[in-house]
Structures are given as structure tokens and as C-alpha cells.
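Enquirer: I'd like to ask you about the structure that follows.
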Amino acid sequence: MAKKLTLYKLTEEIIRESKGFFTINDFSKNLESRWEKEISEAALKKVRRILLNHHYLIGINENDFVSCRAVIEKISHVSLSFQLGTWELKQGMLIPGHRLMPFLLADRQEEDLIFLDPDGNEIKKSKKTFFIQDVASFYQYCGNFPEEIKLNEKVPGKSYMKVTAWDMDVCYKRFGSKPGDALLINLVDLEKNIFQVRPYSSKQLRSGRLRKRSLYLALASQMYPLSQDEKFCSEGLEKQLLRVLFSLEQEILKNIDVFSVTDFLESLQEWTVVARETGGVQMIPVWKSESEQSVRSNQRRTIKGDLGTLDKIFQDLELSFGAQEFKAILYTVMSSDKYKLEIVFFLLFGGQGDLFKDKKQHEVFYGSLRELLFKICKDLKTKESILISNLREQCVDIKMSLIGIMRFLEDQDVGLEDLPAEILNQIIELDQFCNDSLPRFSICDEPPDLKFIRDLKVALKVVAPQLTMLEEEIYSQIAIY
């Protein structure tokens, strides 16, 4: 005769079987049906406590719950973005850490994860020992920090941490990965902990910035009413992320293709990340953190003060154009009377006195800018094809119009998350067109080839009317948003 399940074990079994949203009444009826007898009030209170604190469930309120699995399945089409740094590439390793949120269930161990290459072959993994300072940042937001730590009391900087790492050396070489590039991680099988990696270049990262910004603004707006929800503010970061994603409308979720928990946390203005008393970290409103003694880090977006190339400075400032686009714009501005340089700079940089991190970054930027302007003036002494200059100017016109639209939306306090999906997609498509075309006009002595010119002339016949319709939508009907 089979041993009968205890009430606790039966509760656990039903929780693990749950596939979606349910109320406490739904659960108690299911439990009584499986238990085959009525459950006392005292026992039901114990069951309710289990539901409220279970790592597989998210409490929407005191009586409504949703399975973590159900939320992950709802967003399983989304790719997680892992930006790669110099150290990770030099080691030829992948250490997922907190970057796998929100796809990692609370009871899963990192060593049990399986990563596949783009061809479906399993990537080898092993336990590796690294200096703590080299790998700690990968676990900054994890609920479970690695426990295999060997402290060097005499020289703390030489303390070690043992973690699971995946050998990505062959993949990085095959992808041509370099610092600033990323990986996309796709969920293949949640139950078997299987994920697949593929390359994601820095150019692709930049081209998706508008869609990413729209998503993060939409998520932040969903979090506003949750600031008063004690249950939400007491949860760990993993559950908080799943609850916010679950609250998004299906139409918005359909348009999400890439998510990065690190980028999202750094984009937050009204929330900060703090250490929990019970372990791990959580998001709480900034105004609540003032009384917290265990603040781990304030994740308000800060400029790092990059002093590298113009492209790196533009990325640091989160500008809506790259260095090559900027250079192509300058060629048109300097060779035509159509645009005034000071007006263009005001539009591009917003006329903000606090644009840069500090005086040093300001000086590095203007030093690079002076060199670029001297080069452009020198290049323009050589006569350029009228066809090339006209095509570049048309592409610059489109980019400047898009930046003008973004400035207008900011002035009207209209966020990208407020725009209908079809309007946002039009902006993204036009911006992608500029990302693809303008860099081809940024090197004066290497003009585009004939095939590109032919294709561009055809594309402009489609893009120009599309921009006109977009401007009509934005400037004439802004009130509907």
C-alpha cells in the first residue's frame, strides 16, 4: 500500500505542478480534493504561510499567486544580454552570476547549468579559482553568493574564490568577440537548466538602445505603484524582477527581444539596490533607502567618466548616436549652409552644462572633437562627388529629424514607454537605417560602393515618406499619448 502524502508534502507537490495564476481559494479547493478531506482553519493558515514564502511562487497580493515558472515561460522568447569585459575575454571564460536573472530559479545551482554553443554542442565547464576582486562583480546581485572562498588574512587582495566557469575560448575566437561586445543567452529548457549562447556585437547593442530604453522605462513605470506594496519591497531581487515583468501588458512583452538585469538596474532613477537582512539583495524606493543601514549600492544611472575614444565617451553619456554617425553628420554640416554648427551641437548634446562626468572628460571630448574637425576641414578641401554628398545629407536629415523627435518627446515628458508599439517600431526602424547607412559616409577617402549606393537610393524612397508620416503622428497628435 502506497504511503499517503502528508499535508506539507502535498502542498509542495501542488506548488511545483502549478503552471500559472491562482488564488488562495483555488489552491485550498485543489488541496482538499487531493487530500480527500476538509482542511482545518489552522492547517489552512499554515498552508497560506507556505505559499507566501515559497521560492517558486510570487505573491501578487495576500491572496493571489503566480508560479515563477509561468512567468519565465511567458518571457522565454527574450534573450539575456551578457556584456563582455577585457578580463572575461582574456580568460576565455563565461561566469554567468547574476546576469542570468530572471531565468534562474532560486533552488538551482550554477554548477548544474548547461550552456550550448550556436551549433547545439555543450560547452565544457569546470570549477576554477580566481582572485575575489576579479569575479565578485559577477555575483553582485545574486541571492546566493559563492561559498568556496579562501581568505588571505595577510594579503586580503590575494584572497581566492572558486566558481563554475564555462570554457568559451573557442567561441570567443569564432565570434570575433572584443571588449564591449556581448553574448545573447537563450533559454532552451528550464527544467533541464539548458541555455544557448550566440554572439551580439557592440554595434547591435547600440542599434537596440531605443527599444531597450523603452523597455526599462516601461518596467520602471510598473514599479511605481509597487513602492507602496510591502510584500514586493520585502522580496528578493529575483522575484521582484519576475513580478514586474509579469505585470507588463502582453503587447509590450511581445516586443521585448533583449534584456540585461545589469543595464536595467543601472537605468533606475527612483529605486536603489540594498542588502537584505535574510541574505541576497532587493530593490527598494530611494526614499526608503535613506533610513536603511545596509545599502549595498545606489543604482541611479551615473556617468563613469570614460576618457577613451569619442565612441566610448558617447556610450558613457548614453547619446543616441555613435562616433561614426557623428562624423558623417559633421561632414554634411561643415560642407553645407543648411545647418548651423552651434544649432546642431545644441540638438545633439542638449545644451546641457552637466553633460560630462567632470572637467577631465569634458577636456578629452573637446580635444578629440578639435582633431576630428581639423581632419574634416582638410578632407573637404578635396572635391567630393555631388551624388555622395547628397546621399549623405539625406541620411543626416533623417538622423537629425529623429533626434529632434526625441528632444520634443523629452520636452513634453513623454517617455518611449508611452508610445504605441507601432510608433516606437517606426522610430527604431528609422534609427536602424541611420545606424547602417551613416557610418558608410564617415570616411571621406573610402566612398561607398555602387551596390550600396543603388540600394540606398531605393531605401530612401521608402524611408523619407515613413519619416514624414512619423513626424505628423508625433507633432500633430502628441496629446493622444
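Numbering starts fresh at 1 for the residues of each chain in the C-alpha cells, the chains themselves are lettered A, B, ... in the order given, and ligands are numbered from 1 as they appear.
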Considering only C-alpha atoms, give me a table of residues in range 14-59 of chain A that are at most 12 Å from range 241-264 of chain A, with the closest atom pair and distance in Å for each, as CSV.
Expert:
residue,atom,partner,partner_atom,distance
A:Gly20,CA,A:Phe246,CA,10.8
A:Phe21,CA,A:Phe246,CA,10.4
A:His55,CA,A:Leu242,CA,11.9
A:Tyr56,CA,A:Leu242,CA,11.1
A:Leu57,CA,A:Arg243,CA,10.0
A:Ile58,CA,A:Arg243,CA,6.8
A:Gly59,CA,A:Arg243,CA,8.4
Enquirer: Select from range 127-356 of chain A everything DSSP, run on the backbone, classes as helix (DSSP H, G or I), then give the selection as number ranges by chain.
Expert: A: 132-139, 156-158, 169-175, 202-207, 209-223, 225-228, 230-234, 237-247, 250-254, 261-267, 286-289, 310-317, 323-335, 341-349
Enquirer: Pick the closest to Thr468 in chain A from A:Ala165, A:Met283, A:Ile405, A:Leu438: which is it, counting only C-alpha atoms?
Expert: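 Checking each candidate against Thr468 in chain A, we get A:Ile405 as the closest.
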Enquirer: Taking only C-alpha atoms into account, which of A:Ala136, A:Met334, A:Ala220, A:Leu80 comes nearest Asp379 in chain A?
Expert: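 With only C-alpha atoms as the atom set, the closest residue is A:Met334.
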Enquirer: Could you go through range 182-299 of chain A and tell me which residues DSSP, when run on the backbone, assigns to strand (DSSP E), listing them as an NGL selection string?
Expert: :A and (182-189 or 194-200 or 258-259 or 271-275 or 281-285 or 295-297)
Enquirer: Rank A:Gln133, A:Asn193, A:Ser126, A:Gln269 by their smallest atom-to-atom distance to Val163 in chain A, using only C-alpha atoms, and report the top residue only.
Expert: A:Ser126
Enquirer: Measuring between only C-alpha atoms, which one of A:Lys461, A:Arg34, A:His77, A:Lys239 shows the shortest distance to Ala106 in chain A?
Expert: A:Lys239
Enquirer: Neighbours of Gln432 in chain A within 10 Å (only C-alpha atoms; same-chain residues fewer than 6 positions away dropped), as number ranges by chain?
Expert: A: 204, 206-208, 210, 399, 426
Enquirer: Pull all heavy atoms from the residues just selected and write them as an mmCIF file, in the first residue's frame.
Expert:
data_model
loop_
_atom_site.group_PDB
_atom_site.id
_atom_site.type_symbol
_atom_site.label_atom_id
_atom_site.label_comp_id
_atom_site.auth_asym_id
_atom_site.auth_seq_id
_atom_site.Cartn_x
_atom_site.Cartn_y
_atom_site.Cartn_z
ATOM 1 N N GLN A 204 25.355 45.963 -32.643
ATOM 2 C CA GLN A 204 23.979 45.517 -32.407
ATOM 3 C C GLN A 204 23.456 46.044 -31.078
ATOM 4 O O GLN A 204 22.282 46.401 -30.961
ATOM 5 C CB GLN A 204 23.919 43.986 -32.426
ATOM 6 C CG GLN A 204 24.124 43.372 -33.805
ATOM 7 C CD GLN A 204 24.250 41.858 -33.731
ATOM 8 O OE1 GLN A 204 25.100 41.323 -33.038
ATOM 9 N NE2 GLN A 204 23.398 41.164 -34.452
ATOM 10 N N ARG A 206 24.255 48.892 -29.691
ATOM 11 C CA ARG A 206 23.901 50.304 -29.876
ATOM 12 C C ARG A 206 22.608 50.449 -30.670
ATOM 13 O O ARG A 206 21.774 51.302 -30.370
ATOM 14 C CB ARG A 206 25.041 51.047 -30.591
ATOM 15 C CG ARG A 206 26.256 51.281 -29.723
ATOM 16 C CD ARG A 206 27.186 52.306 -30.356
ATOM 17 N NE ARG A 206 27.682 51.886 -31.656
ATOM 18 C CZ ARG A 206 28.757 51.126 -31.839
ATOM 19 N NH1 ARG A 206 29.444 50.704 -30.796
ATOM 20 N NH2 ARG A 206 29.154 50.798 -33.046
ATOM 21 N N SER A 207 22.445 49.596 -31.695
ATOM 22 C CA SER A 207 21.254 49.733 -32.545
ATOM 23 C C SER A 207 19.968 49.411 -31.785
ATOM 24 O O SER A 207 18.894 49.869 -32.147
ATOM 25 C CB SER A 207 21.369 48.831 -33.780
ATOM 26 O OG SER A 207 21.295 47.465 -33.421
ATOM 27 N N GLY A 208 20.088 48.619 -30.699
ATOM 28 C CA GLY A 208 18.897 48.272 -29.928
ATOM 29 C C GLY A 208 18.652 49.167 -28.735
ATOM 30 O O GLY A 208 17.800 48.879 -27.895
ATOM 31 N N LEU A 210 17.226 52.121 -28.317
ATOM 32 C CA LEU A 210 15.912 52.750 -28.145
ATOM 33 C C LEU A 210 14.894 51.752 -27.609
ATOM 34 O O LEU A 210 14.107 52.064 -26.718
ATOM 35 C CB LEU A 210 15.428 53.332 -29.474
ATOM 36 C CG LEU A 210 16.078 54.639 -29.925
ATOM 37 C CD1 LEU A 210 15.490 55.076 -31.258
ATOM 38 C CD2 LEU A 210 15.906 55.731 -28.894
ATOM 39 N N LYS A 399 18.501 61.423 -39.598
ATOM 40 C CA LYS A 399 19.021 61.262 -38.230
ATOM 41 C C LYS A 399 18.709 62.495 -37.388
ATOM 42 O O LYS A 399 18.275 62.369 -36.222
ATOM 43 C CB LYS A 399 20.537 61.039 -38.277
ATOM 44 C CG LYS A 399 21.153 60.754 -36.912
ATOM 45 C CD LYS A 399 20.723 59.388 -36.392
ATOM 46 C CE LYS A 399 21.313 59.084 -35.027
ATOM 47 N NZ LYS A 399 21.010 57.724 -34.568
ATOM 48 N N GLN A 426 8.491 52.210 -35.600
ATOM 49 C CA GLN A 426 8.881 53.088 -36.709
ATOM 50 C C GLN A 426 10.148 53.860 -36.361
ATOM 51 O O GLN A 426 11.059 53.990 -37.180
ATOM 52 C CB GLN A 426 7.757 54.076 -37.022
ATOM 53 C CG GLN A 426 6.570 53.473 -37.760
ATOM 54 C CD GLN A 426 5.510 54.520 -38.053
ATOM 55 O OE1 GLN A 426 5.808 55.576 -38.600
ATOM 56 N NE2 GLN A 426 4.283 54.238 -37.665
#
Enquirer: Go through A:Pro118, A:Pro439, A:Pro102, A:Gly180 one by one, measure the shortest atom-to-atom distance of each to Phe321 in chain A using only C-alpha atoms, and give the residue with the smallest value.
Expert: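 So, comparing all the options, the nearest one is A:Pro439.
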Enquirer: Pick out the residues sitting within 9 Å of Leu113 in chain A, and hand them over as a PyMOL selection string; count only C-alpha atoms, and ignore anything fewer than 3 positions along from it in its own chain.
Expert: chain A and resi 108-110+192-195
Enquirer: Which residues are close to Ile443 in chain A, i.e. within 10 Å by only C-alpha atoms, leaving aside same-chain residues fewer than 6 positions away? Reply as a list in words.
Expert: Gln324, Lys327, Ala328, Tyr331, Ile376 and Asp379 of chain A
Enquirer: Keeping N, CA and C atoms, export the residues of the selection given above as a PDB file, in the first residue's frame.
Expert:
ATOM      1  N   GLN A 324      30.846  57.287 -35.525  1.00  0.00           N
ATOM      2  CA  GLN A 324      30.837  57.306 -36.993  1.00  0.00           C
ATOM      3  C   GLN A 324      29.640  58.089 -37.533  1.00  0.00           C
ATOM      4  N   LYS A 327      30.517  61.698 -37.078  1.00  0.00           N
ATOM      5  CA  LYS A 327      31.477  62.159 -38.077  1.00  0.00           C
ATOM      6  C   LYS A 327      30.786  62.438 -39.410  1.00  0.00           C
ATOM      7  N   ALA A 328      29.872  61.536 -39.803  1.00  0.00           N
ATOM      8  CA  ALA A 328      29.132  61.741 -41.055  1.00  0.00           C
ATOM      9  C   ALA A 328      28.280  63.008 -40.979  1.00  0.00           C
ATOM     10  N   TYR A 331      30.538  66.028 -41.521  1.00  0.00           N
ATOM     11  CA  TYR A 331      30.897  66.237 -42.927  1.00  0.00           C
ATOM     12  C   TYR A 331      29.813  67.043 -43.646  1.00  0.00           C
ATOM     13  N   ILE A 376      38.310  66.841 -40.825  1.00  0.00           N
ATOM     14  CA  ILE A 376      37.181  67.033 -41.739  1.00  0.00           C
ATOM     15  C   ILE A 376      37.424  68.239 -42.644  1.00  0.00           C
ATOM     16  N   ASP A 379      39.867  67.187 -45.219  1.00  0.00           N
ATOM     17  CA  ASP A 379      39.252  66.294 -46.220  1.00  0.00           C
ATOM     18  C   ASP A 379      38.375  67.058 -47.197  1.00  0.00           C
TER      19      ASP A 379
END
Enquirer: To one decimal place in Å, what is the distance between CA of Trp287 in chain A and CA of Glu270 in chain A?
Expert: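 Going from CA of Trp287 in chain A over to CA of Glu270 in chain A covers 8.0 Å.
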Enquirer: Give me the residues within 7 Å of Asp169 in chain A as a list in words, counting only C-alpha atoms and dropping any in the same chain fewer than 4 places off.
Expert: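 Counting only C-alpha atoms, the residues come to Gly92, Met93 and Lys173 of chain A.
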Enquirer: Any chance you could export the current selection's C-alpha atoms as a PDB file, in the first residue's frame?
Expert:
ATOM      1  CA  GLY A  92      38.344  32.797 -22.277  1.00  0.00           C
ATOM      2  CA  MET A  93      35.683  32.082 -19.676  1.00  0.00           C
ATOM      3  CA  LYS A 173      37.557  33.441 -31.259  1.00  0.00           C
TER       4      LYS A 173
END
Enquirer: List as a ChimeraX atom specification the protein and nucleic acid residues near Ser177 in chain A, meaning an atom at most 9 Å away when only C-alpha atoms are counted, but skip any in the same chain fewer than 5 places from it.
Expert: /A:84,89,171-172,182-183,199-201
